[in-house]
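Data block below; observations after.
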Amino acid sequence: MKEIQFSIEINASKEKVWATLWDDDSFRDWANIIDEGTYMKGIMEEGNEIQFISSVNGYGVTDLIERLIPNEFVLFRHSADTSESGKQIRTNEWTGGSESYSLIEENGITTLLVKTDVPSEQEETFNIRFPRALERVKALAEGGNENVI
């Protein structure tokens, strides 16, 4: 796996950006750009397991929420790759990797920094889709509903 990172400045409070990232409707909106039909299953609390699953193909990843500071930071540790909407373990393509989201607000502008480990064969796809997804987070957090792809 290779760590890649992305950053974007958003004209909104870190609380608004955090809500945009993790509230169900807005999460589905921006995460759909990365992997069609993605939804989150579980409760965002440190120590919990949470699943990110594609409703289109049934593939997903089960993560441990290793560290959580609401409105500031979350670190997910990929503990299992799944299929059949999270019911079956599959390849270990993502297992052991991590993904973190950091938010720093200054003068009403929030910088969102995402670091994620990706399998090398998916690096190019993520380098294209993740910046688009973050543009969508920005649009949603700043109050717009325009279709950003």
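Just remember, in the structure tokens the first chain shown is A, the second B, etc., residues are 1-based per chain, and ligands are 1-based in the order shown.
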Need to verify the contact set: A:Asp29, 12 Å, only C-alpha atoms, exclusion of same-chain residues closer than 3 positions in sequence. Can you return it as a PyMOL selection string? chain A and resi 20-26+32-40+132-141+145-149
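Residues in contact with A:His78 at up to 10 Å, not including ones fewer than 3 positions away on its chain and judged by only C-alpha atoms, are Glu49, Ile50, Gln51, Val61, Thr62, Asp63, Leu64, Ile65, Glu66, Leu75, Asp81, Asn92, Glu93, Trp94, Thr95, Gly96, Gly97, Ser98, Glu99 and Asp117 of chain A.
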Find the residues near stretch 9-11 of chain A: any atom within 7 Å, counting only C-alpha atoms, skip ones fewer than 3 places away on the same chain, and give them as a list in words.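 So, after excluding close chain neighbours, the residues are Gly108, Ile109, Thr110, Thr111, Leu112, Lys138 and Glu142 of chain A.
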With a distance cut-off of 8 Å and only C-alpha atoms, select the neighbouring residues of A:Ser120, excluding the residue or stretch itself and same-chain residues fewer than 3 positions from it, and output the selection as a list in words.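 Residues meeting the cut-off are Met1, Lys2 and Glu123 of chain A.
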Take the residues just selected and output them with N, CA and C atoms as a tab-separated table (two decimals), in the first residue's frame.
```tsv
chain	number	residue	atom	x	y	z
A	1	MET	N	0.84	-1.19	0.00
A	1	MET	CA	0.00	0.00	0.00
A	1	MET	C	0.88	1.24	0.00
A	2	LYS	N	0.29	2.31	-0.49
A	2	LYS	CA	0.98	3.59	-0.54
A	2	LYS	C	0.10	4.66	0.10
A	123	GLU	N	-4.09	3.46	-6.91
A	123	GLU	CA	-3.59	4.80	-6.65
A	123	GLU	C	-4.06	5.82	-7.69
```
From the DSSP assignment of the backbone, select every residue of chain A that is strand (DSSP E), and format the answer as a PyMOL selection string. chain A and resi 2-10+38-41+49-54+60-69+73-83+88-89+98-106+109-118
From the options A:Ser13, A:Ser100, A:Ser7, A:Ser79, which residue's atoms come nearest to A:Gly60, counting only C-alpha atoms? A:Ser79
How far is it from atom CA of A:Ile53 to atom CA of A:Glu15, in Å with one decimal?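 Calculated distance between atom CA of A:Ile53 and atom CA of A:Glu15 is 24.9 Å.
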Excluding A:Ser102 and residues on its chain fewer than 5 positions from it, collect all residues at most 8 Å away from it, counting only C-alpha atoms, and give them as a PyMOL selection string. chain A and resi 72-74+111-114
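For the set A:Ile104, A:Gly47, A:Gln5, A:Tyr59, the residue with the smallest atom-to-atom gap to A:Thr116 is A:Gln5, counting only C-alpha atoms.
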How far is it from atom CA of A:Gly58 to atom CA of A:Ala80, in Å with one decimal? 13.9 Å
